[in-house]
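The block underneath contains the structure these notes are about, expressed in structure tokens.
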Amino acid sequence: MSSDAGAGIRLEGVTKRYPRRRGSAYSVRALLFERATRDGGTFEALRDVTFAVRPGTTTGLIGGNGAGKSTLLRVAAGLTPPTEGRVMIPPDTQSVLGLGASFDGTLTGRENALTALIVNGMSRREARGRLEDVRAFSELESFFDSPVRTYSAGMGLRLAFGVSAQFRAAAFLVDEVLSVGDLAFEQKCIDHLGGLKRGGATIMMASHDLGRIEELCDEVVWMHGGRVHMLGAAGEVVAAYRDAMRSKTLDLTPVDGVGPDAEGLELRRNRFGSQELRLERVLLNGARDAAIPQGGALRIEARVAAGSRPARAVVGISVRPAASAQEIVSEYVELGTVADDRRLALELERLDLAPGAYLVDIGLYRSDWESAFDYHWGAHALQVDGEVAGARLLAPPARWSIDSAEAEAPSPTP
Amino acid sequence: MSEAIAHPAVRGGLRAWLRRRELVLHLAGRQLSSTHRRTALGWSWPLLVQLAQLAVLVFLFGRVLRLDIAHYPTFVFSGLIFWAWLQSGVTAAAGAVTDGAALVREPKMPTMVLPLVAIAVTGFDLLIALPILLVMVHATVGLTWSLAFLPVLLIVQAALMAGLALLVSAAHVHVRDVKPLVGVFFLIVFYLTPVFYDLNVVPESFRTLYDVNIFATLVNGYHSVFMEGAVPDLGPLAIVAAVAVVVLVAGIAAFRRLSPGFVDEL
């Protein structure tokens, strides 16, 4: 790994192969019969990946699970060497890869943070002085002094972000961290990324959250099967990816020709997906459709009906104007493996949407986002009541104040 | 000279080294405090283990199977505490990388620090035992100027241990039989090293075994510094020092070669 790329990141013909092992290879027996155990060949996690992230820009990585996004970030971070090819990255690169995988579960958040700060180049004295900043950023409060094994995934992520926020990085690598179901902290992370970006940092991030990727990235790399499938301006690539997901989902949607059910849902009209897992009883503030005042709260709840086989799934909910496909709100949460029915709810504390007609889309996707199990598209109407506000989308609480400038501005002394 | 230091590569190297020193000290401190955190006897545990071992050896070979070595407890202790450092240090180092898996996943972690920390941590146990040895020596044969040679022995041993630690810790990541093998190795070599007996009692026909045992040369060195008030036999010691340098260089080279793949193996 060399560091002559200015402050940009460059990958040239990067290939990463892992030996395909059978069972335990960590013994003398395996070593002696290595040829026999390894004739399963190799597994190519990345194949001939070439692209550059220009200095000061943000590139997003999208693609299903196993597409190579995480491997790509690990190779770029220098955590594991590429089998072939070269990676050029600034030496002061910070990475948040995996949810605190580099923390020791038996030690407290404070102890782990201290170690991480020192590993990243601080002296012990300097690191000790920064601990309160880490604590403040991570908002872990009293958990900061609890063992990390008691943390949720979101708390591990807070700690990792809190540590990396203490460094001025020329480049920043982030792997799928916006999915821990902690919306307030997610916003904080996004603000932090925005700050880094304004400071001229080069950012490479992987996420399943297409809305966020579109919002934060200049360019997007769509990974598929370890290769670069498509590369270009964020909007273009994300749109192409969405189209691919949609058509895959449409192909999987059964044809049953029965009209709308009691909930007003009809396959291939406003309901798509394989239906292996299903979303039922989707309610907005307790009813199928909802009307809220401008700035009102919205609670969206649903029941996830398990299928005949357990499956890993994610739920995504978005809000868009009735006449448009542009999502205004987009949130998702990973459910893990769904074996039994679940109930879930998303609370939006206040929706400062301009008055008008909106639609709430809710989807239950495979955990790799490649297709939907059940996607209710435009099946739930949301009416926002208030004074008519023209063509704008948002109507946050606003107040003007106009005072005399004399009290504030010091007049020049003669 | 000042020009050389101003050169960015040299300065970077020096800074990197300083950072590693901060890291070694931090990790060693962290491990020390976590090891004894929840024990009633805390810091004194490693010392108690060594004293118990001493008591057994003194009972067996001072009373039951009499070896007739003058000031036998002091004699045994003056070899035992250094042997304990060697054995516990290299054994702990063998698992240092695999046990430190979390740290290995930190992109900026210089993994080479991990086995070295194991040696530093076990060195702390030696540091606690050393004053007791000095008191024992003072009360029996008396302290002499030959003690000035102790740092030389310690440096040779540290270099040898560092080399072995790097070799076994890197190998253990790929073949998990290494750590138990290291345990068995030291178990056997303890009896083949004159820690609790004197080389004089070894029949002439077995002497070659002791000549090639570099650990025996080291322990003999400690015995002569503390018990005989004499500078050790420099010829054999020079060979051990040369071996230590070779092992260290080999250890660094092997570790450098193997460490990029650690993350994939953990």
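How things are named: the first chain in the structure tokens is A, the next is B, and so on; residues count from 1 in each chain; ligands count from 1 in the order shown.
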
Using only C-alpha atoms, determine which residues lie at most 12 Å from Val195 of chain B, disregarding the query and same-chain residues fewer than 5 positions distant; provide the list as number ranges by chain. B: 53-54, 57-58, 61, 72-84, 189-190, 210, 215-223

I'd like a table as CSV: residues in chain B with an atom no more than 6 Å from chain A, each row giving the shortest atom pair and its distance in Å to one decimal, only C-alpha atoms counted, sorted by chain and rising residue number.
residue,atom,partner,partner_atom,distance
B:Ala102,CA,A:Ser102,CA,4.3
B:Leu103,CA,A:Ser102,CA,5.5
B:Arg105,CA,A:Ser102,CA,5.1
B:Glu106,CA,A:Ser102,CA,5.4
B:Pro107,CA,A:Leu79,CA,5.0
B:Lys108,CA,A:Asn120,CA,5.9
B:Met109,CA,A:Val119,CA,5.6
B:His174,CA,A:Tyr26,CA,6.0
B:Val175,CA,A:Tyr26,CA,4.8
B:Arg176,CA,A:Tyr26,CA,5.4
B:Asp177,CA,A:Ser27,CA,6.0
B:Pro260,CA,A:Thr80,CA,5.9

Determine, counting only C-alpha atoms, which protein, DNA and RNA residues have an atom within 6 Å of an atom of Pro355 of chain A; residues of the same chain fewer than 4 positions away are not included. Present the result as a count of residues only. 3

Could you check which of B:Leu116, B:Tyr197, B:Ser33, B:Leu166 is closest to Arg257 of chain B, using only C-alpha atoms? B:Leu166

Within 7 Å of Ala313 of chain A using only C-alpha atoms, minus same-chain residues under 2 positions, as a VMD selection string: chain A and resid 311 315 334 to 338 364 to 367

Write the selection just made, keeping N, CA and C atoms, as a compact mmCIF listing (two decimals), in the first residue's frame?
# COMPACT_ATOMS: atom_id res chain seq x y z
N ALA A 311 -36.12 -16.67 7.66
CA ALA A 311 -35.34 -15.93 6.68
C ALA A 311 -34.88 -14.62 7.29
N VAL A 315 -36.76 -4.28 7.12
CA VAL A 315 -37.97 -3.53 6.82
C VAL A 315 -37.58 -2.11 6.47
N GLU A 334 -32.94 -3.61 10.45
CA GLU A 334 -32.70 -5.03 10.20
C GLU A 334 -33.43 -5.85 11.25
N LEU A 335 -34.11 -6.89 10.80
CA LEU A 335 -34.88 -7.71 11.72
C LEU A 335 -34.11 -8.94 12.16
N GLY A 336 -33.00 -9.25 11.50
CA GLY A 336 -32.31 -10.50 11.78
C GLY A 336 -33.10 -11.64 11.15
N THR A 337 -32.99 -12.82 11.75
CA THR A 337 -33.69 -13.98 11.20
C THR A 337 -35.12 -14.02 11.74
N VAL A 338 -36.06 -14.03 10.83
CA VAL A 338 -37.47 -14.04 11.23
C VAL A 338 -37.98 -15.48 11.18
N LEU A 364 -40.77 -5.28 3.03
CA LEU A 364 -40.04 -6.28 3.80
C LEU A 364 -39.11 -6.96 2.81
N TYR A 365 -37.81 -6.73 2.99
CA TYR A 365 -36.86 -7.17 1.98
C TYR A 365 -35.99 -8.31 2.49
N ARG A 366 -35.43 -9.03 1.56
CA ARG A 366 -34.36 -9.97 1.91
C ARG A 366 -33.21 -9.16 2.50
N SER A 367 -32.45 -9.78 3.40
CA SER A 367 -31.43 -9.00 4.10
C SER A 367 -30.37 -8.47 3.14

For Ser88 of chain B, list every protein, DNA or RNA residue within 9 Å, evaluated using only C-alpha atoms, and leave out those in the same chain fewer than 6 positions away; present the list as a list in words. Ala118, Ile119 and Thr122 of chain B

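If you measure from each of A:Gly235, A:Pro260, A:Gly195, A:Gly225 to Leu72 of chain A using only C-alpha atoms, the closest one turns out to be A:Gly225.
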
Among segment 39-187 of chain A, which ones does DSSP place in helix (DSSP H, G or I), written as a ChimeraX atom specification? /A:69-76,109-119,124-138,141-145,148-150,153-164,183-187

With DSSP run on the backbone, what are the strand (DSSP E or B) residues within segment 35-221 of chain A? I'd like them as a PyMOL selection string. chain A and resi 42-53+58-62+84-88+93-96+108+147+171-175+202-206+219-221

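Between atom CA of Ser146 of chain A and atom CA of Gly29 of chain B the separation is 19.3 Å.
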
Nearby residues (only C-alpha atoms) at most 9 Å from Ala254 of chain B, same-chain spacing under 4 positions excluded, as a VMD selection string: chain B and resid 166 to 167 170 to 171 249 to 250 258 to 259
